[in-house]
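Novice: Next comes the structure file target09.txt, holding compact mmCIF, C-alpha atoms.
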# COMPACT_ATOMS: atom_id res chain seq x y z
CA MET A 1 -37.13 -9.98 38.98
CA THR A 2 -38.68 -8.65 35.83
CA GLY A 3 -36.65 -5.48 36.30
CA THR A 4 -33.55 -7.19 34.97
CA PRO A 5 -31.85 -4.88 32.41
CA GLU A 6 -32.92 -5.61 28.87
CA THR A 7 -30.00 -7.23 27.12
CA ALA A 8 -29.51 -9.16 23.93
CA ARG A 9 -28.53 -12.18 26.00
CA MET A 10 -31.72 -12.02 28.03
CA TRP A 11 -33.85 -11.81 24.89
CA ALA A 12 -31.96 -14.66 23.24
CA ILE A 13 -32.48 -16.93 26.26
CA GLU A 14 -36.16 -16.01 26.55
CA LEU A 15 -36.94 -16.59 22.90
CA ALA A 16 -34.95 -19.83 22.91
CA ALA A 17 -37.06 -20.96 25.87
CA CYS A 18 -40.21 -19.99 23.96
CA LEU A 19 -39.03 -21.99 20.96
CA ALA A 20 -38.30 -25.03 23.12
CA THR A 21 -41.67 -24.71 24.88
CA GLY A 22 -43.43 -24.45 21.53
CA VAL A 23 -41.76 -27.62 20.30
CA LEU A 24 -42.64 -29.42 23.54
CA LEU A 25 -46.30 -28.34 23.40
CA GLY A 26 -46.46 -29.29 19.74
CA ALA A 27 -45.36 -32.79 20.68
CA ILE A 28 -47.78 -33.00 23.62
CA GLY A 29 -50.70 -31.33 21.86
CA PRO A 30 -52.49 -29.60 24.82
CA PHE A 31 -56.03 -28.16 24.71
CA GLY A 32 -57.09 -30.82 22.23
CA SER A 33 -54.59 -29.73 19.58
CA PHE A 34 -53.22 -33.29 19.55
CA LEU A 35 -56.27 -34.29 17.51
CA ASN A 36 -56.07 -31.36 15.10
CA ASP A 37 -53.21 -32.44 12.87
CA GLY A 38 -49.87 -34.20 12.57
CA LEU A 39 -46.77 -33.51 14.63
CA ILE A 40 -45.12 -31.08 12.19
CA ILE A 41 -48.21 -28.88 11.89
CA ARG A 42 -48.79 -28.89 15.65
CA VAL A 43 -45.17 -27.95 16.35
CA ALA A 44 -45.32 -25.15 13.76
CA TYR A 45 -48.49 -23.76 15.35
CA TRP A 46 -47.22 -23.82 18.93
CA VAL A 47 -43.82 -22.39 17.98
CA ILE A 48 -45.50 -19.49 16.18
CA VAL A 49 -47.82 -18.93 19.15
CA PHE A 50 -45.10 -18.99 21.79
CA LEU A 51 -42.56 -16.92 19.87
CA SER A 52 -45.20 -14.31 19.01
CA CYS A 53 -46.57 -14.22 22.54
CA GLY A 54 -43.00 -14.12 23.87
CA LEU A 55 -42.17 -11.04 21.82
CA ILE A 56 -45.41 -9.24 22.70
CA LEU A 57 -45.39 -10.14 26.39
CA GLY A 58 -41.64 -9.58 26.65
CA VAL A 59 -41.93 -5.99 25.46
CA THR A 60 -45.04 -5.37 27.56
CA ILE A 61 -43.55 -6.84 30.73
CA ARG A 62 -40.41 -4.74 30.40
CA MET A 63 -42.42 -1.55 29.88
CA VAL A 64 -44.77 -2.20 32.81
CA ALA A 65 -42.03 -3.53 35.10
CA GLY A 66 -39.90 -0.43 34.58
CA ARG A 67 -42.75 1.92 35.47
CA ALA A 68 -43.85 -0.24 38.39
CA ARG A 69 -40.31 -0.35 39.74
CA ARG A 70 -40.02 3.44 39.61
CA ALA A 71 -43.40 3.75 41.35
CA GLY A 72 -42.41 1.19 43.99
CA ILE A 73 -45.16 -1.28 43.04
CA PRO A 74 -44.20 -4.92 43.76
CA ILE A 75 -44.53 -7.59 41.08
CA TRP A 76 -47.32 -9.45 42.87
CA ALA A 77 -49.47 -6.32 42.66
CA TRP A 78 -49.30 -5.82 38.90
CA ALA A 79 -48.40 -9.15 37.31
CA PRO A 80 -51.77 -10.92 37.84
CA ALA A 81 -53.69 -7.92 36.50
CA MET A 82 -51.40 -7.70 33.50
CA ALA A 83 -51.83 -11.41 32.75
CA LEU A 84 -55.63 -11.04 32.82
CA VAL A 85 -55.62 -7.95 30.60
CA THR A 86 -53.10 -9.13 28.00
CA ALA A 87 -54.84 -12.50 27.62
CA ALA A 88 -57.66 -10.81 25.69
CA PRO A 89 -55.66 -9.35 22.75
CA LEU A 90 -53.31 -12.34 22.73
CA GLY A 91 -56.32 -14.63 22.65
CA GLY A 92 -57.64 -12.83 19.57
CA PHE A 93 -54.27 -13.11 17.89
CA THR A 94 -53.73 -16.80 18.67
CA ARG A 95 -57.30 -17.58 17.59
CA LEU A 96 -56.61 -16.04 14.18
CA VAL A 97 -53.39 -18.07 13.91
CA ALA A 98 -55.21 -21.27 14.84
CA MET A 99 -57.99 -20.61 12.32
CA ALA A 100 -55.33 -20.11 9.65
CA PHE A 101 -54.16 -23.66 10.40
CA TRP A 102 -57.60 -25.19 11.12
CA PRO A 103 -60.49 -23.02 9.84
CA ALA A 104 -63.17 -25.05 11.65
CA ILE A 105 -61.62 -24.60 15.09
CA GLY A 106 -63.53 -21.37 15.67
CA ASP A 107 -66.78 -23.33 15.75
CA ARG A 108 -65.44 -25.99 18.12
CA VAL A 109 -63.83 -23.77 20.78
CA GLY A 110 -65.74 -20.85 22.27
CA VAL A 111 -64.25 -17.40 22.92
CA VAL A 112 -64.36 -17.76 26.73
CA GLU A 113 -62.62 -21.13 26.60
CA TRP A 114 -60.03 -19.70 24.23
CA TYR A 115 -59.40 -16.79 26.61
CA GLY A 116 -58.77 -19.27 29.42
CA GLN A 117 -56.29 -21.22 27.32
CA THR A 118 -54.48 -18.03 26.35
CA LEU A 119 -54.33 -16.98 30.00
CA VAL A 120 -52.57 -20.27 30.78
CA ILE A 121 -50.05 -19.56 28.00
CA GLY A 122 -49.47 -16.09 29.44
CA VAL A 123 -48.87 -17.50 32.91
CA VAL A 124 -46.38 -20.02 31.49
CA TYR A 125 -44.51 -17.19 29.78
CA PHE A 126 -44.53 -15.10 32.95
CA ALA A 127 -43.01 -18.04 34.82
CA LEU A 128 -40.34 -18.49 32.13
CA HIS A 129 -39.54 -14.80 32.20
CA ILE A 130 -39.16 -14.68 35.97
CA VAL A 131 -37.01 -17.83 36.13
CA ILE A 132 -34.73 -16.63 33.32
CA ALA A 133 -34.50 -13.11 34.79
CA ARG A 134 -33.46 -14.54 38.14
CA TRP A 135 -30.86 -16.75 36.49
CA VAL A 136 -29.39 -13.93 34.38
CA ARG A 137 -29.35 -11.58 37.36
CA GLY A 138 -27.67 -14.26 39.46
CA ARG A 139 -24.99 -14.77 36.81
CA ALA A 140 -24.47 -11.00 36.61
CA SER A 141 -24.11 -10.78 40.40
CA THR A 142 -21.59 -13.62 40.34
CA SER A 143 -19.60 -11.84 37.63
CA GLU A 144 -19.66 -8.61 39.62
CA ARG A 145 -18.48 -10.43 42.73
CA SER A 146 -15.71 -12.06 40.71
CA ALA A 147 -14.76 -8.70 39.25
CA SER A 148 -14.39 -7.25 42.74
CA ASP A 149 -12.62 -10.31 44.14
CA GLY A 150 -9.03 -9.13 44.12
CA PRO A 151 -6.85 -7.57 41.42
CA ARG A 152 -7.79 -8.11 37.81
CA ILE A 153 -4.43 -9.70 36.98
CA LEU A 154 -5.24 -12.67 39.24
CA ARG A 155 -8.29 -13.53 37.12
CA ARG A 156 -5.92 -14.25 34.24
CA LEU A 157 -4.43 -17.18 36.15
CA PRO A 158 -5.89 -20.61 35.34
CA PRO A 159 -7.21 -22.46 38.41
CA ARG A 160 -4.39 -25.01 38.28
CA LEU A 161 -1.84 -22.26 39.08
CA GLY A 162 -3.62 -20.90 42.14
CA ARG A 163 -3.68 -17.18 42.97
CA GLU A 164 -0.30 -16.59 44.63
CA LEU A 165 1.35 -14.40 42.03
CA LEU A 166 5.14 -14.30 42.45
CA CYS A 167 6.31 -12.22 39.52
CA LEU A 168 5.77 -11.13 35.94
CA SER A 169 8.32 -11.43 33.16
CA MET A 170 8.03 -9.97 29.68
CA GLU A 171 8.58 -12.21 26.65
CA ASP A 172 8.22 -10.39 23.32
CA HIS A 173 4.56 -9.31 23.16
CA TYR A 174 3.58 -11.58 26.05
CA VAL A 175 3.77 -11.41 29.82
CA ARG A 176 4.48 -14.59 31.75
CA LEU A 177 2.64 -14.83 35.05
CA HIS A 178 4.56 -16.93 37.57
CA THR A 179 3.09 -18.66 40.62
CA ILE A 180 4.44 -21.28 42.98
CA SER A 181 2.68 -23.91 40.83
CA GLY A 182 3.95 -22.84 37.40
CA SER A 183 3.44 -20.10 34.85
CA VAL A 184 1.23 -19.00 31.98
CA LEU A 185 1.75 -16.68 29.02
CA VAL A 186 -0.76 -13.87 28.47
CA LEU A 187 -0.85 -11.74 25.33
CA MET A 188 -0.53 -8.23 26.74
CA PRO A 189 2.20 -5.61 27.33
CA LEU A 190 3.86 -5.42 30.72
CA SER A 191 2.55 -1.89 31.22
CA ARG A 192 -1.02 -3.12 30.96
CA ALA A 193 -0.32 -5.99 33.34
CA LEU A 194 1.11 -3.54 35.87
CA GLY A 195 -2.07 -1.52 35.60
CA GLU A 196 -4.03 -4.61 36.71
CA MET A 197 -1.97 -5.31 39.83
CA GLY A 198 -4.36 -3.51 42.17
CA ASP A 199 -3.16 -3.58 45.78
CA ILE A 200 -0.59 -6.37 45.36
CA ASP A 201 2.60 -5.23 47.11
CA GLY A 202 5.39 -5.37 44.57
CA LEU A 203 7.80 -3.39 42.40
CA GLN A 204 9.07 -3.36 38.85
CA VAL A 205 12.70 -4.35 39.36
CA HIS A 206 13.73 -4.45 35.71
CA ARG A 207 12.27 -3.17 32.47
CA SER A 208 10.92 -6.68 31.82
CA TRP A 209 10.30 -7.92 35.38
CA TRP A 210 7.86 -7.16 38.19
CA VAL A 211 8.19 -8.96 41.53
CA ALA A 212 5.77 -9.37 44.44
CA ARG A 213 7.38 -8.44 47.75
CA HIS A 214 6.24 -11.60 49.51
CA ALA A 215 7.95 -13.72 46.82
CA VAL A 216 11.48 -12.48 47.64
CA ILE A 217 13.49 -14.89 49.81
CA GLY A 218 17.00 -13.64 49.13
CA VAL A 219 19.40 -11.56 47.08
CA VAL A 220 22.13 -12.85 44.76
CA GLU A 221 25.08 -10.52 44.06
CA ASP A 222 27.33 -11.44 41.14
CA ARG A 223 29.93 -8.70 40.88
CA ARG A 224 27.95 -5.70 39.69
CA ASN A 225 24.84 -7.72 38.82
CA LEU A 226 22.02 -8.16 41.28
CA ARG A 227 19.23 -10.71 41.24
CA LEU A 228 16.35 -11.42 43.57
CA ARG A 229 15.90 -15.02 44.63
CA LEU A 230 12.20 -15.88 44.64
CA LYS A 231 10.01 -18.70 45.88
CA GLY A 232 9.86 -21.68 43.55
CA GLY A 233 13.52 -21.37 42.50
CA LEU A 234 13.01 -18.28 40.33
CA GLU A 235 15.51 -15.44 40.04
CA ALA A 236 14.61 -11.96 38.80
CA PRO A 237 17.27 -9.55 37.53
CA VAL A 238 17.48 -6.09 39.11
CA SER A 239 18.48 -3.19 36.88
CA ARG A 240 21.03 -0.72 38.23
CA ALA A 241 18.50 2.07 38.04
CA ASN A 242 16.25 0.22 40.51
CA VAL A 243 18.86 -0.77 43.11
CA ALA A 244 18.51 2.42 45.16
CA ARG A 245 14.72 2.21 45.09
CA LEU A 246 14.76 -1.41 46.25
CA ARG A 247 17.29 -0.63 48.97
CA GLN A 248 15.13 2.26 50.19
CA ALA A 249 12.09 -0.03 50.24
CA GLY A 250 14.01 -2.53 52.38
CA TRP A 251 14.05 -5.32 49.82
CA LEU A 252 17.82 -5.73 49.68
CA GLN A 253 18.06 -6.37 53.40
CA GLN A 254 16.52 -9.82 52.83
CA THR A 255 19.73 -11.84 52.44
Written as structure tokens, how would this file's structure read?

Specialist:
Amino acid sequence: MTGTPETARMWAIELAACLATGVLLGAIGPFGSFLNDGLIIRVAYWVIVFLSCGLILGVTIRMVAGRARRAGIPIWAWAPAMALVTAAPLGGFTRLVAMAFWPAIGDRVGVVEWYGQTLVIGVVYFALHIVIARWVRGRASTSERSASDGPRILRRLPPRLGRELLCLSMEDHYVRLHTISGSVLVLMPLSRALGEMGDIDGLQVHRSWWVARHAVIGVVEDRRNLRLRLKGGLEAPVSRANVARLRQAGWLQQT
């Protein structure tokens, strides 16, 4: 869970969660901080505490998690110990921050009590980190599954058009993707689109047309011109250079 690769997105989400938690705690005022000062000061204090602790714990967790993962140590074996150990230096830091806001607080709250409060903050951060790591990893897994779910060209089709690709036609710098439900223009050369076809059975029948084999329902001969009749009422021109190849592939027998 905490072994999720360190990415800018992961850090942004974590620190945003720390910021939101700091604002929430500033409004609630836990550990007696509600009586210390007004809302703005409390929010400022808790935001500083959670962002600082988030940065420190975030770096530490990633370092320890990486080594633990390589050593085969599960999270439940090292996370509690790390929370107990890191609470001491973090407690010293947060105590200094609090005394900068409220100098008399050092006399009102003992060191042991402060350590306990800091440990709670550390546990909250650990929970945030694990939840966010799971979410990011889940999104990454979903993206990987989507990436492996059929040819790349099909992912360029909007949901309303379905995934039954009939043909491609080139229009200037665009390629039009045709399905039984309609078409969509995509800014890309035909050569690049053909490179994304994957295992879809089809052929380029003209310099500006590619046709899926399953889409062909007939052949139209107009003197020396040849066109393929496709599902959905479409017709794709066949260049003379491709007639022999299509005949060899058995396409022109579909009349």

Novice: Give me the residues near A:Val184 as a list in words, where near means some atom within 9 Å (using all atoms listed in the file) and where sequence neighbours in that chain fewer than 6 positions away do not count.

Specialist: Arg156, Leu157, Pro158, Leu161, Val175, Arg176, Leu177 and His178 of chain A

Novice: So that I can check the surroundings of stretch 110-127 of chain A, please list as a PyMOL selection string every protein, DNA and RNA residue that reaches within 10 Å of it, counting all atoms listed in the file and ignoring chain neighbours fewer than 4 positions away.

Specialist: chain A and resi 2+14+17-18+21+30-31+49-50+53-54+57-58+61+79-80+82-95+105-106+131-133

Novice: Between A:Met10, A:Val211, A:Ala241, A:Leu190, single out the one closest to A:Leu128, counting all atoms listed in the file.

Specialist: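 Of the candidates, the smallest distance to A:Leu128 is held by A:Met10.
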
Novice: Just to confirm, what's the straight-line distance from atom CA of A:Met63 to atom CA of A:Leu19 in Å (one decimal)?

Specialist: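 Value for the atom CA of A:Met63-atom CA of A:Leu19 distance: 22.6 Å.
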
Novice: In Å, how far is it from atom CA of A:Arg62 to atom CA of A:Val97?

Specialist: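 Separation between atom CA of A:Arg62 and atom CA of A:Val97: 24.9 Å.
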
Novice: Padding of 5 Å on every side, edges along x, y and z, all listed atoms of stretch 111-123 of chain A included: what centre and edge lengths in Å, to one decimal, does that box have, as JSON?

Specialist:
{"center_x": -56.6, "center_y": -18.7, "center_z": 27.9, "size_x": 25.5, "size_y": 15.1, "size_z": 20.0}

Novice: Do you know which residues are at most 10 Å from A:Glu171 counting all atoms listed in the file, after dropping those on the same chain fewer than 6 positions away, and could you put them as a list in words?

Specialist: Leu185, Val186, Leu187, Met188, Pro189, Leu190, Ser208 and Trp209 of chain A

Novice: Put those residues in a file: C-alpha atoms, as a PDB file, keeping the file's coordinate frame.

Specialist:
ATOM      1  CA  LEU A 185       1.750 -16.680  29.020  1.00  0.00           C
ATOM      2  CA  VAL A 186      -0.760 -13.870  28.470  1.00  0.00           C
ATOM      3  CA  LEU A 187      -0.850 -11.740  25.330  1.00  0.00           C
ATOM      4  CA  MET A 188      -0.530  -8.230  26.740  1.00  0.00           C
ATOM      5  CA  PRO A 189       2.200  -5.610  27.330  1.00  0.00           C
ATOM      6  CA  LEU A 190       3.860  -5.420  30.720  1.00  0.00           C
ATOM      7  CA  SER A 208      10.920  -6.680  31.820  1.00  0.00           C
ATOM      8  CA  TRP A 209      10.300  -7.920  35.380  1.00  0.00           C
TER       9      TRP A 209
END

Novice: Hey, can you check how far atom CA of A:Arg42 sits from atom CA of A:Ala27?

Specialist: 7.2 Å

Novice: Please identify all polymer residues within 10 Å of A:Leu165, counting only C-alpha atoms, omitting same-chain residues fewer than 5 positions from it, and present them as a PyMOL selection string.

Specialist: chain A and resi 153-154+157+177-183+197+200+211-212+214-215

Novice: Considering only C-alpha atoms, can you say which of A:Ala98, A:Met170, A:Ala193, A:Ala104 comes closest to A:Tyr45?

Specialist: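 Closest to A:Tyr45 of all the choices is A:Ala98.
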
Novice: Assuming the input is short of atoms at stretch 48-69 of chain A, produce N, CA and C atoms for that part as a PDB file, in the frame of the given file.

Specialist:
ATOM      1  N   ILE A  48     -45.060 -20.823  16.585  1.00  0.00           N
ATOM      2  CA  ILE A  48     -45.500 -19.490  16.180  1.00  0.00           C
ATOM      3  C   ILE A  48     -46.198 -18.785  17.342  1.00  0.00           C
ATOM      4  N   VAL A  49     -47.071 -19.512  18.035  1.00  0.00           N
ATOM      5  CA  VAL A  49     -47.820 -18.930  19.150  1.00  0.00           C
ATOM      6  C   VAL A  49     -46.871 -18.475  20.257  1.00  0.00           C
ATOM      7  N   PHE A  50     -45.948 -19.347  20.659  1.00  0.00           N
ATOM      8  CA  PHE A  50     -45.100 -18.990  21.790  1.00  0.00           C
ATOM      9  C   PHE A  50     -44.063 -17.936  21.449  1.00  0.00           C
ATOM     10  N   LEU A  51     -43.507 -17.974  20.246  1.00  0.00           N
ATOM     11  CA  LEU A  51     -42.560 -16.920  19.870  1.00  0.00           C
ATOM     12  C   LEU A  51     -43.259 -15.577  19.753  1.00  0.00           C
ATOM     13  N   SER A  52     -44.454 -15.564  19.148  1.00  0.00           N
ATOM     14  CA  SER A  52     -45.200 -14.310  19.010  1.00  0.00           C
ATOM     15  C   SER A  52     -45.609 -13.768  20.375  1.00  0.00           C
ATOM     16  N   CYS A  53     -46.170 -14.644  21.204  1.00  0.00           N
ATOM     17  CA  CYS A  53     -46.570 -14.220  22.540  1.00  0.00           C
ATOM     18  C   CYS A  53     -45.352 -13.798  23.365  1.00  0.00           C
ATOM     19  N   GLY A  54     -44.214 -14.483  23.153  1.00  0.00           N
ATOM     20  CA  GLY A  54     -43.000 -14.120  23.870  1.00  0.00           C
ATOM     21  C   GLY A  54     -42.527 -12.728  23.521  1.00  0.00           C
ATOM     22  N   LEU A  55     -42.575 -12.381  22.233  1.00  0.00           N
ATOM     23  CA  LEU A  55     -42.170 -11.040  21.820  1.00  0.00           C
ATOM     24  C   LEU A  55     -43.119  -9.985  22.383  1.00  0.00           C
ATOM     25  N   ILE A  56     -44.416 -10.228  22.240  1.00  0.00           N
ATOM     26  CA  ILE A  56     -45.410  -9.240  22.700  1.00  0.00           C
ATOM     27  C   ILE A  56     -45.365  -9.089  24.222  1.00  0.00           C
ATOM     28  N   LEU A  57     -45.409 -10.208  24.927  1.00  0.00           N
ATOM     29  CA  LEU A  57     -45.390 -10.140  26.390  1.00  0.00           C
ATOM     30  C   LEU A  57     -44.035  -9.650  26.902  1.00  0.00           C
ATOM     31  N   GLY A  58     -42.957 -10.027  26.216  1.00  0.00           N
ATOM     32  CA  GLY A  58     -41.640  -9.580  26.650  1.00  0.00           C
ATOM     33  C   GLY A  58     -41.519  -8.073  26.643  1.00  0.00           C
ATOM     34  N   VAL A  59     -41.961  -7.448  25.554  1.00  0.00           N
ATOM     35  CA  VAL A  59     -41.930  -5.990  25.460  1.00  0.00           C
ATOM     36  C   VAL A  59     -42.850  -5.364  26.502  1.00  0.00           C
ATOM     37  N   THR A  60     -44.056  -5.918  26.619  1.00  0.00           N
ATOM     38  CA  THR A  60     -45.040  -5.370  27.560  1.00  0.00           C
ATOM     39  C   THR A  60     -44.559  -5.478  29.000  1.00  0.00           C
ATOM     40  N   ILE A  61     -44.033  -6.646  29.366  1.00  0.00           N
ATOM     41  CA  ILE A  61     -43.550  -6.840  30.730  1.00  0.00           C
ATOM     42  C   ILE A  61     -42.438  -5.853  31.060  1.00  0.00           C
ATOM     43  N   ARG A  62     -41.512  -5.653  30.150  1.00  0.00           N
ATOM     44  CA  ARG A  62     -40.410  -4.740  30.400  1.00  0.00           C
ATOM     45  C   ARG A  62     -40.899  -3.306  30.571  1.00  0.00           C
ATOM     46  N   MET A  63     -41.880  -2.907  29.767  1.00  0.00           N
ATOM     47  CA  MET A  63     -42.420  -1.550  29.880  1.00  0.00           C
ATOM     48  C   MET A  63     -43.127  -1.378  31.231  1.00  0.00           C
ATOM     49  N   VAL A  64     -44.000  -2.307  31.564  1.00  0.00           N
ATOM     50  CA  VAL A  64     -44.770  -2.200  32.810  1.00  0.00           C
ATOM     51  C   VAL A  64     -43.859  -2.355  34.022  1.00  0.00           C
ATOM     52  N   ALA A  65     -42.917  -3.298  33.965  1.00  0.00           N
ATOM     53  CA  ALA A  65     -42.030  -3.530  35.100  1.00  0.00           C
ATOM     54  C   ALA A  65     -41.192  -2.304  35.415  1.00  0.00           C
ATOM     55  N   GLY A  66     -40.709  -1.636  34.353  1.00  0.00           N
ATOM     56  CA  GLY A  66     -39.900  -0.430  34.580  1.00  0.00           C
ATOM     57  C   GLY A  66     -40.691   0.655  35.288  1.00  0.00           C
ATOM     58  N   ARG A  67     -41.921   0.885  34.838  1.00  0.00           N
ATOM     59  CA  ARG A  67     -42.750   1.920  35.470  1.00  0.00           C
ATOM     60  C   ARG A  67     -43.147   1.508  36.876  1.00  0.00           C
ATOM     61  N   ALA A  68     -43.465   0.238  37.060  1.00  0.00           N
ATOM     62  CA  ALA A  68     -43.850  -0.240  38.390  1.00  0.00           C
ATOM     63  C   ALA A  68     -42.688  -0.128  39.363  1.00  0.00           C
ATOM     64  N   ARG A  69     -41.489  -0.425  38.886  1.00  0.00           N
ATOM     65  CA  ARG A  69     -40.310  -0.350  39.740  1.00  0.00           C
ATOM     66  C   ARG A  69     -40.071   1.088  40.188  1.00  0.00           C
TER      67      ARG A  69
END
